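**Student:** You'll find upload_10.cif just under this line, and it carries mmCIF, C-alpha atoms.
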data_protein
loop_
_atom_site.label_atom_id
_atom_site.label_comp_id
_atom_site.auth_asym_id
_atom_site.auth_seq_id
_atom_site.Cartn_x
_atom_site.Cartn_y
_atom_site.Cartn_z
CA MET A 26 0.00 0.00 0.00
CA VAL A 27 1.45 3.31 -1.11
CA ASN A 28 0.14 6.60 0.22
CA PHE A 29 1.16 9.42 -2.04
CA THR A 30 0.47 13.05 -1.15
CA VAL A 31 1.51 15.94 -3.38
CA HIS A 32 1.64 19.54 -2.16
CA ASN A 33 1.71 22.09 -4.98
CA HIS A 34 2.94 25.39 -3.61
CA GLN A 35 3.68 28.54 -5.61
CA LEU A 36 4.77 27.99 -9.22
CA CYS A 37 6.12 31.02 -11.05
CA VAL A 38 8.35 30.80 -14.11
CA GLY A 39 9.90 33.81 -15.75
CA ARG A 40 10.64 32.69 -19.28
CA ILE A 41 10.48 29.43 -21.28
CA GLU A 42 12.44 29.26 -24.53
CA VAL A 43 12.14 26.21 -26.77
CA LEU A 44 13.72 25.65 -30.18
CA GLY A 45 11.36 22.94 -31.37
CA ILE A 46 8.48 20.68 -30.32
CA ALA A 47 8.01 17.70 -32.65
CA SER A 48 6.79 14.12 -33.09
CA SER A 49 3.69 13.95 -30.83
CA SER A 50 5.44 15.78 -28.00
CA LEU A 51 3.80 18.32 -25.72
CA LEU A 52 4.65 21.51 -23.85
CA GLN A 53 1.99 22.17 -21.23
CA VAL A 54 1.48 24.90 -18.68
CA GLY A 55 -1.14 23.36 -16.42
CA ASP A 56 -2.22 20.13 -14.75
CA THR A 57 -2.89 16.73 -16.31
CA ARG A 58 -4.46 13.69 -14.66
CA ARG A 59 -2.91 11.08 -16.89
CA MET A 60 -0.17 11.27 -19.51
CA ALA A 61 1.41 8.61 -21.72
CA LEU A 62 3.81 9.49 -24.53
CA TYR A 63 5.20 6.72 -26.72
CA SER A 64 7.88 6.97 -29.38
CA MET A 65 9.41 4.51 -31.81
CA PHE A 66 12.32 5.75 -33.85
CA ASP A 67 14.05 3.45 -36.29
CA THR A 68 17.32 4.35 -37.96
CA PRO A 69 19.23 1.06 -38.07
CA PRO A 70 22.53 0.64 -39.97
CA GLU A 71 20.55 -1.39 -42.54
CA SER A 72 18.54 1.71 -43.36
CA VAL A 73 21.51 3.01 -45.35
CA ILE A 74 21.41 1.25 -48.70
CA VAL A 75 24.48 1.89 -50.86
CA GLY A 76 24.30 0.25 -54.26
CA SER A 77 22.09 0.18 -57.29
CA MET A 78 18.80 2.00 -56.89
CA ALA A 79 16.43 -0.89 -56.25
CA PRO A 80 12.82 -0.10 -55.46
CA LEU A 81 11.76 -0.32 -51.82
CA PRO A 82 9.85 -3.49 -50.84
CA GLU A 83 6.14 -3.53 -51.63
CA PRO A 84 3.73 -4.92 -49.04
CA GLU A 85 1.20 -7.69 -49.69
CA GLY A 86 -1.70 -6.25 -51.65
CA ALA A 87 0.22 -3.12 -52.67
CA GLU A 88 -2.48 -2.29 -55.28
CA ALA A 89 -4.96 -1.66 -52.46
CA ALA A 90 -2.48 0.27 -50.27
CA VAL A 91 -2.57 4.04 -50.22
CA GLY A 92 0.61 5.22 -51.88
CA GLU A 93 2.01 8.48 -53.16
CA THR A 94 0.65 8.05 -56.71
CA THR A 95 -2.86 7.79 -55.27
CA VAL A 96 -2.28 11.16 -53.63
CA THR A 97 -0.71 12.84 -56.70
CA ASP A 98 -3.77 11.83 -58.76
CA PHE A 99 -5.61 14.64 -57.01
CA LEU A 100 -3.02 17.28 -57.87
CA MET B 18 8.36 23.25 8.50
CA LYS B 19 5.63 25.61 9.59
CA PHE B 20 2.90 26.88 7.26
CA SER B 21 0.37 29.58 7.92
CA ASN B 22 -3.35 28.67 7.86
CA ARG B 23 -3.75 30.29 4.46
CA SER B 24 -1.09 28.10 2.82
CA LEU B 25 -2.83 24.91 3.99
CA GLU B 26 -5.96 25.84 2.05
CA CYS B 27 -6.45 23.54 -0.99
CA PHE B 28 -7.75 24.83 -4.31
CA PRO B 29 -9.55 22.22 -6.48
CA VAL B 30 -8.08 23.44 -9.79
CA ARG B 31 -5.19 25.67 -10.74
CA THR B 32 -5.46 28.37 -13.40
CA SER B 33 -2.57 28.94 -15.80
CA GLU B 34 -1.49 32.49 -16.52
CA ILE B 35 0.81 33.48 -19.35
CA ALA B 36 1.68 37.05 -20.21
CA PHE B 37 3.15 36.44 -23.65
CA VAL B 38 3.25 33.55 -26.15
CA ASN B 39 5.48 33.73 -29.21
CA VAL B 40 5.34 30.96 -31.85
CA ILE B 41 7.12 31.39 -35.18
CA SER B 42 6.13 28.24 -37.06
CA LEU B 43 3.27 25.77 -36.66
CA ALA B 44 3.03 22.85 -39.08
CA SER B 45 1.73 19.31 -39.70
CA ALA B 46 -1.27 18.81 -37.39
CA SER B 47 0.21 20.80 -34.49
CA ILE B 48 -1.93 22.59 -31.91
CA VAL B 49 -1.57 25.73 -29.83
CA GLN B 50 -4.40 25.76 -27.30
CA ILE B 51 -5.27 28.24 -24.59
CA GLY B 52 -7.94 26.72 -22.36
CA ASP B 53 -8.83 23.35 -20.87
CA ARG B 54 -8.92 20.13 -22.80
CA GLY B 55 -10.59 16.77 -22.17
CA SER B 56 -8.37 14.30 -23.89
CA THR B 57 -5.65 14.30 -26.51
CA HIS B 58 -4.61 11.41 -28.71
CA ALA B 59 -1.75 12.66 -30.90
CA LYS B 60 -0.52 10.19 -33.50
CA LEU B 61 2.38 10.40 -35.94
CA ARG B 62 3.51 7.91 -38.58
CA ALA B 63 6.48 9.02 -40.65
CA LEU B 64 8.56 7.38 -43.36
CA ALA B 65 11.58 9.57 -43.96
CA VAL B 66 13.07 8.48 -47.27
CA GLN B 67 16.22 10.15 -48.54
CA ARG B 68 17.43 9.10 -52.00
CA LYS B 69 18.75 10.42 -55.27
CA GLU B 70 15.88 9.18 -57.45
CA ASP B 71 12.46 10.70 -57.82
CA HIS B 72 9.66 8.69 -56.20
CA SER B 73 7.92 8.22 -59.55
CA THR B 74 11.00 6.48 -61.03
CA ALA B 75 12.41 4.69 -57.95
CA GLY B 76 9.05 3.36 -56.75
CA GLU B 77 6.81 4.18 -53.84
CA ALA B 78 7.37 3.73 -50.12
CA TYR B 79 4.60 2.01 -48.18
CA PHE B 80 3.88 2.07 -44.44
CA GLU B 81 2.66 -1.53 -44.68
CA SER B 82 6.15 -2.76 -45.66
CA TYR B 83 7.67 -1.99 -42.25
CA ASP B 84 6.55 -3.63 -39.04
CA ILE B 85 7.49 -0.58 -36.91
CA PHE B 86 4.11 0.89 -37.95
CA SER B 87 2.09 -2.12 -36.77
CA ARG B 88 4.15 -3.30 -33.81
CA PRO B 89 2.32 -3.03 -30.46
CA TRP B 90 3.51 -0.63 -27.79
CA PRO B 91 5.43 -2.10 -24.87
CA ILE B 92 3.16 -2.87 -21.91
CA ILE B 93 3.95 -1.47 -18.48
CA SER B 94 2.91 -4.23 -16.08
CA ASP B 95 2.17 -2.11 -13.03
CA PRO B 96 -1.51 -2.23 -11.97
CA TRP B 97 -1.13 0.70 -9.58
CA LEU B 98 0.27 2.88 -12.37
CA GLN B 99 -2.14 1.59 -15.06
CA SER B 100 -5.25 2.22 -13.01
CA GLY B 101 -4.61 5.92 -13.71
CA GLN B 102 -5.89 7.36 -10.49
CA PRO B 103 -5.09 5.32 -7.38
CA ASP B 104 -7.38 5.93 -4.38
CA ASN B 105 -4.44 6.72 -2.14
CA LEU B 106 -3.13 9.63 -4.24
CA ASN B 107 -3.88 12.99 -2.65
CA ARG B 108 -3.10 16.37 -4.08
CA CYS B 109 -3.31 19.79 -2.53
CA ASN B 110 -2.87 22.99 -4.52
CA HIS B 111 -1.83 25.71 -2.11
CA SER B 112 -1.77 28.32 -4.85
CA PRO B 113 -4.69 28.82 -7.30
CA ARG B 114 -2.43 29.71 -10.24
CA ILE B 115 0.60 28.77 -12.30
CA SER B 116 2.30 31.89 -13.61
CA VAL B 117 4.62 32.06 -16.58
CA GLY B 118 5.98 35.30 -17.94
CA CYS B 119 6.85 34.44 -21.50
CA VAL B 120 6.85 31.30 -23.66
CA SER B 121 8.71 31.46 -26.95
CA VAL B 122 8.84 28.52 -29.33
CA ILE B 123 10.53 28.61 -32.72
CA ALA B 124 8.72 25.66 -34.31
CA LEU B 125 6.01 23.10 -33.60
CA SER B 126 5.51 20.21 -35.98
CA SER B 127 4.27 16.64 -36.43
CA SER B 128 1.24 16.28 -34.10
CA SER B 129 2.88 18.21 -31.25
CA SER B 130 1.05 20.70 -29.08
CA LEU B 131 1.59 23.74 -26.91
CA HIS B 132 -1.13 23.78 -24.28
CA VAL B 133 -1.92 26.43 -21.70
CA GLY B 134 -4.51 25.01 -19.33
CA ASN B 135 -5.56 21.79 -17.67
CA SER B 136 -6.34 18.47 -19.28
CA TYR B 137 -7.57 15.05 -18.22
CA SER B 138 -5.78 12.55 -20.44
CA VAL B 139 -2.90 12.88 -22.90
CA VAL B 140 -1.71 10.03 -25.11
CA GLY B 141 0.97 10.64 -27.72
CA GLU B 142 2.25 8.09 -30.22
CA ALA B 143 5.12 8.65 -32.65
CA ARG B 144 6.55 6.10 -35.06
CA VAL B 145 9.36 7.26 -37.36
CA LYS B 146 11.28 5.10 -39.85
CA HIS B 147 14.34 6.41 -41.66
CA ILE B 148 15.59 5.02 -44.95
CA ARG B 149 18.59 6.40 -46.76
CA GLN B 150 19.35 5.07 -50.24
CA PHE B 151 22.58 6.16 -51.92
CA PRO B 152 23.63 5.07 -55.41
CA GLN B 153 27.14 3.61 -55.64
CA ASP B 154 29.54 5.82 -57.56
CA THR B 155 30.76 3.52 -60.35
CA THR B 156 33.30 6.05 -61.73
CA ILE B 157 35.60 5.62 -58.68
CA MET B 158 35.70 1.82 -58.88
#
Starting from the file, lay out its structure as structure tokens.
**Tutor:**
Amino acid sequence: MVNFTVHNHQLCVGRIEVLGIASSSLLQVGDTRRMALYSMFDTPPESVIVGSMAPLPEPEGAEAAVGETTVTDFL
Amino acid sequence: MKFSNRSLECFPVRTSEIAFVNVISLASASIVQIGDRGSTHAKLRALAVQRKEDHSTAGEAYFESYDIFSRPWPIISDPWLQSGQPDNLNRCNHSPRISVGCVSVIALSSSSSLHVGNSYSVVGEARVKHIRQFPQDTTIM
């Protein structure tokens, strides 16, 4: 059994300077009951492909998948 | 430590006060909100492809090809933490406000948010996959 008591006294901040907020992150001035921030970032050594320009792998049922050509059709 | 009677008074909610907000750039489903918010579910899926060829000649990139976009999130197996609000968590706000003089942000992007106020639940999910494809220089070999 854990008893957890928080006392919030005065909170005054002069200046907050941030260069960038990106990728589902959050800067909040206020209170939040519940917060969960997840991040997956994949840059493995295999992501660098040096060689002949082969096309990237297509998934199963690539015809049905939403790709860039489907988007450029509207342009 | 000794507190006066006034400092032991508990306020149910705190109000956020900001004198000045300065944001230069806001892009790609980002939010600047002044006021309270119920729940946030910010999601980002990004395939960052860097290559010499044009996408129309080198082929398309699909999210479905990479399992990072469908992989489940790791589970935190802590029932006390997962229940969100345990019964034995007490809070007491001795001051009714949070004061900030100035907030300056150069850029917000990719489902991020700058929020002034209270909120109930925030869930943020970001999945980013990088691919760099460089052609081999055959003139050197």
**Student:** Counting only C-alpha atoms, which residues from chain B have an atom at most 6 Å from any atom of chain A, and could you show them as number ranges by chain?
**Tutor:** B: 33, 59, 75-76, 81-82, 105-112, 115-153
**Student:** Between CA of Asn39 in chain B and CA of Asp53 in chain B, measure the distance and give it in Å to one decimal.
**Tutor:**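 Interatomic distance, CA of Asn39 in chain B to CA of Asp53 in chain B: 19.5 Å.
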**Student:** So how many Å separate CA of Leu64 in chain B and CA of Pro89 in chain B, to one decimal?
**Tutor:**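 Interatomic distance here is 17.7 Å.
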**Student:** Mind pulling up the distance from CA of Pro91 in chain B to CA of Gln67 in chain B?
**Tutor:**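 Taking CA of Gln67 in chain B as the start and CA of Pro91 in chain B as the end point, the length is 28.8 Å.
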**Student:** Within 7 Å of Pro113 in chain B, counting all atoms listed in the file, which residues qualify if same-chain residues fewer than 6 places away don't, as a PyMOL selection string?
**Tutor:** chain B and resi 28+30-32
